[in-house]
file protein-v1.txt (compact mmCIF, C-alpha atoms)
# COMPACT_ATOMS: atom_id res chain seq x y z
CA MET O 290 90.17 0.24 24.53
CA LYS O 291 90.54 0.76 28.26
CA THR O 292 92.66 -1.43 30.51
CA GLU O 293 90.48 -4.19 31.97
CA PRO O 294 89.26 -3.75 35.59
CA VAL O 295 90.87 -7.04 36.66
CA VAL O 296 94.22 -5.85 35.33
CA LEU O 297 93.89 -2.45 37.00
CA ARG O 298 92.95 -4.06 40.30
CA HIS O 299 96.02 -6.28 40.11
CA TYR O 300 98.51 -3.51 39.38
CA LEU O 301 97.08 -1.30 42.13
CA ARG O 302 97.96 -3.86 44.79
CA GLU O 303 100.78 -2.59 47.02
CA GLU O 304 102.73 -5.86 46.97
CA VAL O 305 102.56 -6.00 43.18
CA GLN O 306 103.87 -2.44 42.86
CA GLU O 307 106.65 -3.21 45.34
CA GLU O 308 107.92 -6.32 43.54
CA ILE O 309 107.66 -4.82 40.05
CA SER O 310 109.59 -1.74 41.11
CA LYS O 311 112.32 -3.87 42.71
CA PHE O 312 112.84 -5.75 39.45
CA CYS O 313 112.48 -2.82 37.03
CA ARG O 314 114.69 -0.35 38.92
CA GLY O 315 117.44 0.71 36.51
CA ARG O 316 115.89 -1.15 33.58
CA TRP O 317 114.18 0.24 30.50
CA VAL O 318 110.51 -0.69 30.82
CA ALA O 319 108.17 -1.96 28.11
CA LEU O 320 104.39 -2.27 28.32
CA GLU O 321 102.42 -4.68 26.17
CA ALA O 322 98.77 -4.11 25.34
CA ARG O 323 96.18 -6.52 24.03
CA PRO O 324 96.95 -7.24 20.36
CA THR O 325 95.09 -5.43 17.59
CA HIS O 326 94.29 -7.39 14.41
CA GLY O 327 96.70 -10.07 15.58
CA LYS O 328 99.62 -7.65 15.95
CA ARG O 329 101.46 -7.31 19.26
CA ILE O 330 101.58 -3.73 20.58
CA PHE O 331 104.31 -2.32 22.82
CA TYR O 332 104.80 1.06 24.50
CA ARG O 333 108.33 2.07 25.52
CA TYR O 334 108.19 5.88 25.67
CA PHE O 335 106.07 8.61 27.22
CA ASP O 336 106.57 12.20 26.06
CA GLU O 337 109.58 11.00 24.03
CA LYS O 338 111.31 9.68 27.17
CA PRO O 339 112.02 5.98 27.86
CA LEU O 340 109.65 4.37 30.35
CA THR O 341 111.10 3.60 33.76
CA ILE O 342 109.86 2.26 37.09
CA ASN O 343 112.11 3.07 40.04
CA GLU O 344 109.70 3.04 42.96
CA PRO O 345 106.29 1.46 43.74
CA ALA O 346 104.34 4.65 42.98
CA ASP O 347 105.72 4.60 39.42
CA VAL O 348 103.67 1.49 38.62
CA LYS O 349 100.43 3.30 39.36
CA LYS O 350 101.58 6.35 37.38
CA ILE O 351 102.52 4.33 34.34
CA ILE O 352 99.28 2.34 34.33
CA ASN O 353 97.24 5.54 34.64
CA ARG O 354 99.14 7.18 31.78
CA PHE O 355 98.27 4.27 29.49
CA ILE O 356 94.85 3.48 30.94
CA ASN O 357 93.20 3.76 27.51
CA LYS O 358 95.67 1.38 25.86
CA SER O 359 94.47 -1.92 27.36
CA ILE O 360 97.80 -2.67 29.03
CA ARG O 361 98.44 -6.27 30.06
CA THR O 362 102.11 -6.93 30.76
CA ILE O 363 105.10 -5.08 32.21
CA TYR O 364 108.62 -5.98 31.07
CA GLY O 365 112.10 -4.86 32.08
CA THR O 366 115.22 -5.07 29.93
CA ILE O 367 117.99 -7.59 30.51
CA ASN O 368 120.25 -4.55 30.83
CA ILE O 369 120.53 -2.42 33.96
CA TYR O 370 121.59 1.11 33.05
CA ASN O 371 123.50 3.77 34.92
CA ARG O 372 120.94 6.33 33.75
CA ILE O 373 117.84 6.37 31.54
CA LEU O 374 116.81 9.91 30.72
CA SER O 375 116.80 9.91 26.91
CA ARG O 376 116.92 7.66 23.86
CA GLU O 377 120.63 8.37 23.55
CA ASP O 378 121.28 6.81 26.96
CA LEU O 379 119.99 3.49 25.62
CA GLU O 380 122.38 3.47 22.66
CA LYS O 381 125.59 3.57 24.71
CA VAL O 382 127.09 0.22 25.67
CA GLU O 383 129.17 1.99 28.31
CA ASN O 384 125.91 3.09 30.00
CA ILE O 385 125.01 -0.54 30.75
CA SER O 386 126.23 -1.40 34.24
CA ARG O 387 125.03 -5.02 34.43
CA ALA O 388 122.93 -7.61 32.59
CA THR O 389 120.86 -10.45 34.06
CA PRO O 390 122.14 -13.93 33.09
CA SER O 391 119.03 -15.95 32.25
CA ILE O 392 117.98 -19.30 30.83
CA ASP O 393 114.56 -19.88 29.32
CA VAL O 394 112.87 -23.26 29.83
CA ASP O 395 109.90 -23.00 27.49
CA GLY O 396 107.32 -25.75 27.35
CA ASN O 397 103.58 -26.30 27.46
CA LEU O 398 101.03 -26.89 30.18
CA GLU O 399 100.50 -30.52 29.13
CA GLU O 400 104.11 -31.42 29.95
CA ILE O 401 104.81 -29.30 33.00
CA ASP O 402 106.63 -32.25 34.58
CA LEU O 403 109.29 -32.07 31.84
CA THR O 404 109.66 -28.31 32.37
CA ILE O 405 110.28 -28.87 36.08
CA GLU O 406 112.73 -31.71 35.34
CA ALA O 407 114.73 -29.45 33.02
CA VAL O 408 114.77 -26.64 35.60
CA LYS O 409 116.01 -29.04 38.31
CA THR O 410 118.81 -30.23 35.99
CA ILE O 411 120.00 -26.66 35.40
CA LEU O 412 119.79 -25.88 39.11
CA GLU O 413 121.93 -28.93 39.89
CA GLY O 414 124.51 -27.66 37.39
CA LEU O 415 124.52 -24.26 39.06
CA HIS O 416 124.83 -25.78 42.55
CA ARG O 417 127.90 -27.73 41.40
CA HIS O 418 129.49 -24.35 40.65
CA GLY O 419 128.72 -22.95 44.08
CA VAL O 420 125.55 -21.03 43.16
CA GLU O 421 123.13 -21.56 46.05
CA LYS O 422 121.41 -18.30 47.01
CA SER O 423 121.84 -15.78 44.19
CA LEU O 424 119.20 -17.07 41.77
CA TYR O 425 115.43 -17.15 41.40
CA LEU O 426 112.75 -18.56 39.11
CA VAL O 427 109.88 -16.76 37.39
CA TRP O 428 106.93 -18.62 35.87
CA SER O 429 106.71 -17.16 32.37
CA GLY O 430 103.27 -18.48 31.41
CA ARG O 431 104.15 -21.85 29.87
CA GLY O 432 107.63 -22.26 31.29
CA VAL O 433 110.28 -20.88 33.61
CA HIS O 434 112.92 -18.17 33.43
CA ILE O 435 115.96 -19.02 35.54
CA HIS O 436 117.54 -15.71 36.55
CA LEU O 437 120.91 -15.31 38.22
CA ASN O 438 121.14 -12.24 40.43
CA GLU O 439 123.53 -9.87 38.65
CA LYS O 440 124.46 -8.24 41.97
CA ALA O 441 126.26 -11.46 43.00
CA ILE O 442 128.92 -10.80 40.34
CA SER O 443 131.77 -8.45 41.23
CA GLU O 444 131.99 -5.18 39.31
CA SER O 445 135.24 -6.03 37.48
CA TYR O 446 133.63 -8.91 35.56
CA TRP O 447 131.07 -6.65 33.91
CA ARG O 448 133.68 -4.82 31.85
CA PRO O 449 134.00 -4.13 29.01
CA ASN O 450 130.61 -5.55 27.93
CA PRO O 451 127.96 -6.74 30.44
CA VAL O 452 125.88 -8.51 27.79
CA LYS O 453 128.90 -10.58 26.73
CA THR O 454 129.51 -11.52 30.36
CA ALA O 455 125.91 -12.70 30.82
CA HIS O 456 125.98 -14.57 27.49
CA THR O 457 129.21 -16.36 28.44
CA ILE O 458 127.85 -17.51 31.82
CA VAL O 459 124.68 -18.96 30.30
CA GLU O 460 126.54 -20.68 27.43
CA TYR O 461 128.88 -22.32 29.92
CA ILE O 462 126.14 -23.66 32.17
CA LEU O 463 124.06 -25.01 29.27
CA LYS O 464 127.08 -26.78 27.81
CA GLN O 465 127.73 -28.38 31.22
CA VAL O 466 124.24 -29.93 31.38
CA ARG O 467 123.46 -30.18 27.67
CA SER O 468 123.53 -33.98 27.47
CA ARG O 469 120.96 -34.42 30.24
CA LEU O 470 118.77 -31.59 28.95
CA SER O 471 118.74 -33.17 25.47
CA GLU O 472 117.46 -36.40 27.00
CA ILE O 473 114.67 -34.52 28.77
CA ALA O 474 113.75 -32.53 25.66
CA ALA O 475 113.56 -35.74 23.62
CA LYS O 476 110.69 -36.91 25.87
CA SER O 477 108.56 -33.94 24.78
CA LYS O 478 105.94 -35.17 22.33
CA SER O 479 103.39 -32.36 22.43
CA TYR O 480 101.87 -31.27 19.12
CA VAL O 481 101.20 -27.84 20.62
CA LYS O 482 104.73 -26.84 21.66
CA ARG O 483 107.71 -28.99 22.47
CA LEU O 484 110.11 -28.34 25.29
CA LYS O 485 112.95 -25.93 24.47
CA ILE O 486 115.80 -24.74 26.68
CA GLU O 487 117.58 -21.65 25.41
CA ASN O 488 120.25 -19.08 26.09
CA ILE O 489 118.12 -15.96 25.68
CA ILE O 490 120.85 -13.36 26.19
CA ASP O 491 120.87 -10.50 23.72
CA VAL O 492 121.03 -6.75 24.17
CA GLN O 493 117.37 -6.23 23.14
CA ARG O 494 115.93 -8.86 25.49
CA VAL O 495 113.13 -7.96 27.88
CA PHE O 496 111.84 -10.12 30.74
CA THR O 497 108.36 -10.31 32.17
CA SER O 498 108.55 -8.57 35.52
CA PRO O 499 107.78 -10.62 38.62
CA LEU O 500 104.06 -10.32 39.47
CA SER O 501 103.19 -8.94 36.04
CA ILE O 502 100.16 -10.38 34.26
CA HIS O 503 100.85 -12.64 31.27
CA ARG O 504 100.25 -11.05 27.86
CA GLU O 505 97.64 -13.67 26.86
CA LEU O 506 96.75 -15.78 29.88
CA ASP O 507 95.00 -14.48 33.00
CA ILE O 508 97.84 -15.61 35.24
CA VAL O 509 100.61 -13.93 37.23
CA ALA O 510 104.35 -14.27 36.58
CA VAL O 511 105.11 -15.48 40.09
CA THR O 512 108.58 -15.86 41.57
CA ILE O 513 109.45 -19.37 42.74
CA ASP O 514 111.95 -20.45 45.37
CA PRO O 515 114.35 -22.87 43.58
CA ASP O 516 114.03 -25.21 46.58
CA GLU O 517 110.25 -25.34 46.00
CA ILE O 518 110.21 -26.03 42.25
CA GLU O 519 109.15 -29.67 42.76
CA ASN O 520 106.06 -28.49 44.62
CA PHE O 521 105.09 -25.85 42.04
CA SER O 522 101.43 -25.80 41.03
CA LEU O 523 99.66 -23.67 38.42
CA GLU O 524 97.30 -22.62 41.21
CA TRP O 525 100.15 -20.40 42.45
CA THR O 526 99.70 -18.20 39.36
CA GLU O 527 95.97 -17.50 39.64
CA LEU O 528 94.88 -13.86 39.67
CA ASP O 529 93.55 -12.59 43.01
CA ARG O 530 95.04 -15.54 44.92
CA PHE O 531 98.53 -15.94 43.54
CA ARG O 532 101.40 -17.21 45.67
CA TYR O 533 104.97 -16.02 45.20
CA TRP O 534 108.41 -16.11 46.79
CA ARG O 535 109.09 -12.79 48.53
CA GLU O 536 112.86 -13.26 48.93
CA TRP O 537 113.56 -13.65 45.21
CA ASP O 538 116.00 -10.71 45.20
CA ARG O 539 118.37 -12.16 47.82
CA TYR O 540 122.01 -12.64 46.85
CA ILE O 541 125.47 -13.21 48.27
CA GLU O 542 128.12 -10.76 47.12
CA GLY O 543 130.67 -12.49 44.89
CA GLU O 544 128.84 -15.85 44.91
CA LEU O 545 128.88 -16.05 41.09
CA ASP O 546 132.50 -14.94 40.63
CA GLY O 547 133.87 -18.49 40.50
CA LEU O 548 131.31 -19.44 37.85
CA VAL O 549 132.19 -16.38 35.78
CA GLU O 550 135.91 -17.22 35.95
CA LYS O 551 135.33 -20.74 34.64
CA ALA O 552 132.94 -19.56 31.95
CA MET O 553 135.34 -16.94 30.62
CA LYS O 554 138.12 -19.52 30.36
CA GLU O 555 136.05 -22.10 28.49
CA VAL O 556 133.64 -20.10 26.31
CA ARG O 557 135.02 -18.06 23.42
CA VAL O 558 133.79 -14.51 23.84
CA GLU O 559 133.72 -13.93 20.09
CA SER O 560 131.45 -16.92 19.49
CA ILE O 561 128.33 -16.08 17.47
CA THR O 562 126.52 -19.21 18.67
CA ARG O 563 123.73 -19.34 21.21
CA THR O 564 122.74 -22.69 22.65
CA VAL O 565 119.23 -23.98 22.00
CA ILE O 566 118.20 -27.45 23.16
CA GLY O 567 114.99 -29.14 22.05
CA GLU O 568 111.99 -28.06 19.96
CA GLU O 569 113.09 -29.71 16.71
CA LEU O 570 111.97 -27.69 13.71
CA ARG O 571 111.16 -28.60 10.14
CA GLU O 572 114.10 -28.60 7.74
CA ASP O 573 112.98 -25.30 6.21
CA GLU O 574 113.18 -23.68 9.66
CA SER O 575 116.61 -24.91 10.73
CA PRO O 576 118.76 -22.02 11.89
CA GLU O 577 119.17 -23.48 15.37
CA VAL O 578 122.57 -24.07 16.88
CA GLY O 579 124.29 -27.26 15.78
CA LEU O 580 122.22 -27.82 12.63
CA ALA O 581 124.09 -27.98 9.36
CA SER O 582 123.15 -28.29 5.71
CA GLN O 583 124.93 -28.92 2.44
CA PRO O 584 126.87 -25.76 1.53
CA LEU O 585 125.43 -23.67 -1.29
CA PRO O 586 127.48 -21.33 -3.50
CA ILE O 587 128.63 -18.29 -1.49
CA GLY O 588 128.20 -15.00 -3.30
CA ARG O 589 128.88 -11.30 -2.83
CA PHE O 590 125.68 -10.87 -0.80
CA GLN O 591 126.66 -13.47 1.83
CA VAL O 592 130.23 -12.15 2.11
CA MET O 593 128.96 -8.58 2.50
CA ALA O 594 126.56 -9.64 5.27
CA LEU O 595 129.34 -11.53 7.07
CA MET O 596 131.84 -8.66 6.90
CA GLN O 597 129.33 -5.99 7.93
CA ALA O 598 128.16 -8.15 10.85
CA ALA O 599 131.77 -8.63 11.97
CA ARG O 600 132.39 -4.86 11.61
CA TYR O 601 129.38 -4.07 13.80
CA TYR O 602 130.42 -6.68 16.38
CA VAL O 603 133.88 -5.17 16.69
CA LEU O 604 132.33 -1.72 17.15
CA GLY O 605 129.35 -2.61 19.34
CA GLY O 606 129.99 -6.04 20.81
CA ASP O 607 126.46 -7.44 20.41
CA VAL O 608 126.07 -10.62 18.35
CA GLU O 609 122.34 -10.40 17.69
CA GLN O 610 122.40 -6.75 16.60
CA ALA O 611 125.48 -7.55 14.49
CA LYS O 612 123.49 -10.16 12.57
CA SER O 613 120.65 -7.70 11.99
CA PHE O 614 123.04 -4.94 10.88
CA GLY O 615 125.03 -7.24 8.59
CA LEU O 616 121.96 -8.46 6.73
CA ASN O 617 120.56 -4.92 6.56
CA ARG O 618 123.73 -3.56 4.93
CA ALA O 619 123.96 -6.47 2.50
CA ILE O 620 120.41 -5.75 1.33
CA PHE O 621 121.16 -2.06 0.98
CA TYR O 622 124.33 -2.53 -1.05
CA ALA O 623 122.66 -5.12 -3.30
CA TRP O 624 119.88 -2.59 -3.95
CA ALA O 625 122.41 0.23 -4.51
CA LYS O 626 124.51 -1.83 -6.93
CA LYS O 627 121.48 -2.82 -8.96
CA ARG O 628 120.44 0.83 -9.34
CA GLY O 629 123.92 2.25 -9.79
CA VAL O 630 123.92 4.15 -6.48
CA GLY O 631 127.51 5.04 -5.66
CA GLN O 632 127.43 6.79 -2.30
CA ARG O 633 126.36 5.69 1.17
CA LYS O 634 123.05 7.12 2.21
CA PRO O 635 119.99 5.82 3.98
CA LEU O 636 117.28 4.14 1.94
CA SER O 637 114.17 6.20 2.53
CA LYS O 638 111.64 4.58 0.22
CA PRO O 639 110.26 1.10 0.80
CA LEU O 640 111.86 -1.71 -1.20
CA PRO O 641 108.79 -3.96 -1.41
CA SER O 642 105.70 -2.03 -2.49
CA GLY O 643 102.76 -2.05 -0.14
CA GLU O 644 104.77 -2.83 3.01
CA GLN O 645 103.61 -1.00 6.10
CA LYS O 646 106.36 1.33 7.39
CA ILE O 647 107.66 0.67 10.88
CA SER O 648 108.34 3.54 13.29
CA GLU O 649 112.12 3.92 13.09
CA LEU O 650 115.06 5.52 14.86
CA GLU O 651 117.89 7.02 12.83
CA GLU O 652 121.26 5.70 13.98
CA VAL O 653 124.85 6.34 12.92
CA VAL O 654 127.13 3.30 12.77
CA GLY O 655 130.64 4.18 11.67
CA ASP O 656 130.11 6.45 8.68
CA GLU O 657 126.66 5.12 7.76
CA VAL O 658 123.14 6.20 8.65
CA VAL O 659 120.84 3.25 9.26
CA TYR O 660 117.35 2.81 10.69
CA ARG O 661 116.28 0.65 13.62
CA VAL O 662 112.96 -0.12 15.23
CA PRO O 663 112.94 1.22 18.83
CA GLY O 664 113.83 -1.74 21.02
CA GLY O 665 114.11 -3.96 17.95
CA TRP O 666 116.22 -4.72 14.90
CA TYR O 667 117.58 -2.79 11.94
CA THR O 668 115.07 -2.17 9.20
CA ILE O 669 115.02 -1.32 5.51
CA GLY O 670 112.00 -0.72 3.33
CA GLY O 671 109.68 -1.18 6.31
CA GLN O 672 110.99 -4.68 7.02
CA GLU O 673 113.06 -5.72 10.04
CA GLN O 674 116.16 -7.87 9.54
CA THR O 675 116.20 -10.31 12.47
CA PRO O 676 119.01 -12.57 13.70
CA ARG O 677 116.89 -15.53 12.59
CA ASP O 678 116.78 -14.08 9.05
CA PHE O 679 120.59 -13.86 9.13
CA ASP O 680 120.82 -17.51 10.21
CA ARG O 681 118.57 -18.61 7.38
CA GLN O 682 119.99 -16.46 4.61
CA ILE O 683 123.67 -16.30 5.56
CA VAL O 684 124.72 -18.95 8.10
CA GLN O 685 123.01 -21.80 6.27
CA ARG O 686 124.51 -20.65 2.98
CA PHE O 687 127.96 -21.22 4.51
CA GLY O 688 126.96 -24.78 5.43
CA GLY O 689 125.59 -24.37 8.95
CA GLN O 690 126.71 -22.96 12.27
CA LYS O 691 129.88 -25.02 12.74
CA THR O 692 131.32 -24.11 9.34
CA PHE O 693 130.17 -20.50 9.57
CA GLN O 694 131.98 -20.05 12.89
CA LYS O 695 135.33 -20.47 11.12
CA TYR O 696 134.47 -17.73 8.60
CA TRP O 697 133.18 -15.53 11.43
CA GLU O 698 136.43 -15.78 13.39
CA ALA O 699 138.47 -15.08 10.25
CA ALA O 700 136.31 -12.00 9.52
CA LEU O 701 136.83 -10.70 13.06
CA ARG O 702 140.59 -11.10 12.78
CA TYR O 703 140.56 -9.21 9.48
CA ILE O 704 138.37 -6.35 10.74
CA GLN O 705 140.44 -5.94 13.90
CA ARG O 706 143.50 -5.09 11.79
CA PHE O 707 141.97 -1.70 11.01
CA PRO O 708 141.46 1.35 13.29
CA LEU O 709 137.98 1.57 14.82
CA GLU O 710 137.19 4.78 12.94
CA THR O 711 137.62 2.93 9.64

call {"tool": "encode", "arguments": {"input": "protein-v1.txt", "output": "structure tokens"}}
result
Amino acid sequence: MKTEPVVLRHYLREEVQEEISKFCRGRWVALEARPTHGKRIFYRYFDEKPLTINEPADVKKIINRFINKSIRTIYGTINIYNRILSREDLEKVENISRATPSIDVDGNLEEIDLTIEAVKTILEGLHRHGVEKSLYLVWSGRGVHIHLNEKAISESYWRPNPVKTAHTIVEYILKQVRSRLSEIAAKSKSYVKRLKIENIIDVQRVFTSPLSIHRELDIVAVTIDPDEIENFSLEWTELDRFRYWREWDRYIEGELDGLVEKAMKEVRVESITRTVIGEELREDESPEVGLASQPLPIGRFQVMALMQAARYYVLGGDVEQAKSFGLNRAIFYAWAKKRGVGQRKPLSKPLPSGEQKISELEEVVGDEVVYRVPGGWYTIGGQEQTPRDFDRQIVQRFGGQKTFQKYWEAALRYIQRFPLET
């Protein structure tokens, strides 16, 4: 299926190419096509090389290369890399130079006033910490992404792990305004989708590029001046006559340093939590931060998942991937024990019969070979193990997030007693 004429016309506009290239420069790019049989389709490589956009002309090239794939949306990773020439470059934490601190205010078009109120509350919290110029808003389709300009943070704060730095900043700000945001979220009564404010920082995160077309709606992801959020209208997002803020990439060098200092003092870096406010779920879908349940018996499977997640975190420093890896290894060892398998080796045959196999990358973690979906989570038997799965199957088994945090910290202390090569 060819890319629609209206989409082609949009991406061939000079201003669109300019803004997309400014955002995507240094980021790993993802393209999303129209879904097939209800399944979302992404493209992240061309000729085995990661997709990149570093200058305006690259937008036209990339659209032409995938012209028969019905491309809709262009994304850029949260991470900004020193170089992106091969798959291996994307696996190295030390190759990440910065990450974009971002908060997602996700709502619905019926309650856009609540979305704007939540955004204004977060902006007020940022202003109280001296953040005035180095931030911008992007309309995400049904809500707003609040991005802090990573260039406004001095180089020294990005080491040793840029994703941790971004995560810490966002956690701190959300905790500062959590009470007021909870009040706003409680007003959301929509049966379609209730308001949710979330720390969306993880190493696999991608953001819709400014001026990209939404994956489902025929609207543009326009940039919004924070000072103009009260005046925002959905008319600004209309194709062919969209309105956007051209100075979204402005920043003041070092403007966010004071905020980073406070965040690092008050937020535990090893915390596995990620703040989510609003969008109450049914009891059978309750992995969100702060929810707890009656503890169930903890068995070998849960302990294995915990220890393997902690091991990965010590080695790689990414909480979300640690959850995926921990659950993946627990499943593998449960399978191996049941079948009397004594040595570590990758599981090559599907566990559940009839599952469709996912395209996978082979990865070495410590002394183990595991498989991961490109740009996604670890997988076994054709099934991804997501952080949400870990929350449901492991965190809740320990009695909820608050109780689990104690076990998590104890596991980290234990793992850190051993050399990294172990």

call {"tool": "residues_around", "arguments": {"input": "protein-v1.txt", "residues": "Tyr533 (chain O)", "least_positions_apart": "2", "cutoff": "8 Å", "atoms": "all atoms listed in the file", "output": "ChimeraX atom specification"}}
result
/O:511-513,525,531,535

call {"tool": "residues_around", "arguments": {"input": "protein-v1.txt", "residues": "region 372-386 of chain O", "least_positions_apart": "5", "cutoff": "9 Å", "atoms": "only C-alpha atoms", "output": "list of chain:residue names"}}
result
O:Gly315, O:Arg316, O:Trp317, O:Glu337, O:Lys338, O:Pro339, O:Leu340, O:Thr341, O:Glu444, O:Trp447, O:Arg448, O:Pro449, O:Asn450, O:Pro451, O:Val452, O:Gly605, O:Gly606

call {"tool": "closest_residue", "arguments": {"input": "protein-v1.txt", "among": "O:Gly430, O:Gly396, O:Gln690, O:Ile405", "to": "Glu519 (chain O)", "atoms": "all atoms listed in the file"}}
result
O:Ile405

call {"tool": "atom_distance", "arguments": {"input": "protein-v1.txt", "atom1": "CA of Glu399 (chain O)", "atom2": "CA of Lys485 (chain O)"}}
result
14.1 Å

call {"tool": "closest_residue", "arguments": {"input": "protein-v1.txt", "among": "O:Lys554, O:Arg483, O:Arg504, O:Lys626", "to": "Pro324 (chain O)", "atoms": "only C-alpha atoms"}}
result
O:Arg504

call {"tool": "atom_distance", "arguments": {"input": "protein-v1.txt", "atom1": "CA of Arg431 (chain O)", "atom2": "CA of Asn397 (chain O)"}}
result
5.1 Å

call {"tool": "decode", "arguments": {"input": "protein-v1.txt", "residues": "region 397-420 of chain O", "atoms": "C-alpha atoms", "output": "short mmCIF file (atom, residue, chain, number, x, y, z; two decimals), in the first residue's frame"}}
result
data_model
loop_
_atom_site.label_atom_id
_atom_site.label_comp_id
_atom_site.auth_asym_id
_atom_site.auth_seq_id
_atom_site.Cartn_x
_atom_site.Cartn_y
_atom_site.Cartn_z
CA ASN O 397 -9.09 12.81 25.42
CA LEU O 398 -10.58 15.43 23.15
CA GLU O 399 -13.74 15.71 25.27
CA GLU O 400 -11.78 16.98 28.28
CA ILE O 401 -9.10 19.10 26.66
CA ASP O 402 -9.60 21.72 29.39
CA LEU O 403 -8.33 19.23 31.99
CA THR O 404 -5.31 18.41 29.82
CA ILE O 405 -4.43 22.10 29.62
CA GLU O 406 -4.96 22.54 33.37
CA ALA O 407 -2.57 19.67 34.10
CA VAL O 408 0.04 21.09 31.71
CA LYS O 409 -0.20 24.53 33.36
CA THR O 410 0.30 22.93 36.80
CA ILE O 411 3.48 21.17 35.66
CA LEU O 412 4.75 24.35 34.01
CA GLU O 413 4.21 26.26 37.26
CA GLY O 414 6.25 23.61 39.08
CA LEU O 415 9.05 23.97 36.54
CA HIS O 416 8.99 27.77 36.75
CA ARG O 417 9.41 27.55 40.54
CA HIS O 418 12.68 25.74 39.85
CA GLY O 419 13.95 28.40 37.48
CA VAL O 420 12.97 26.70 34.21
#
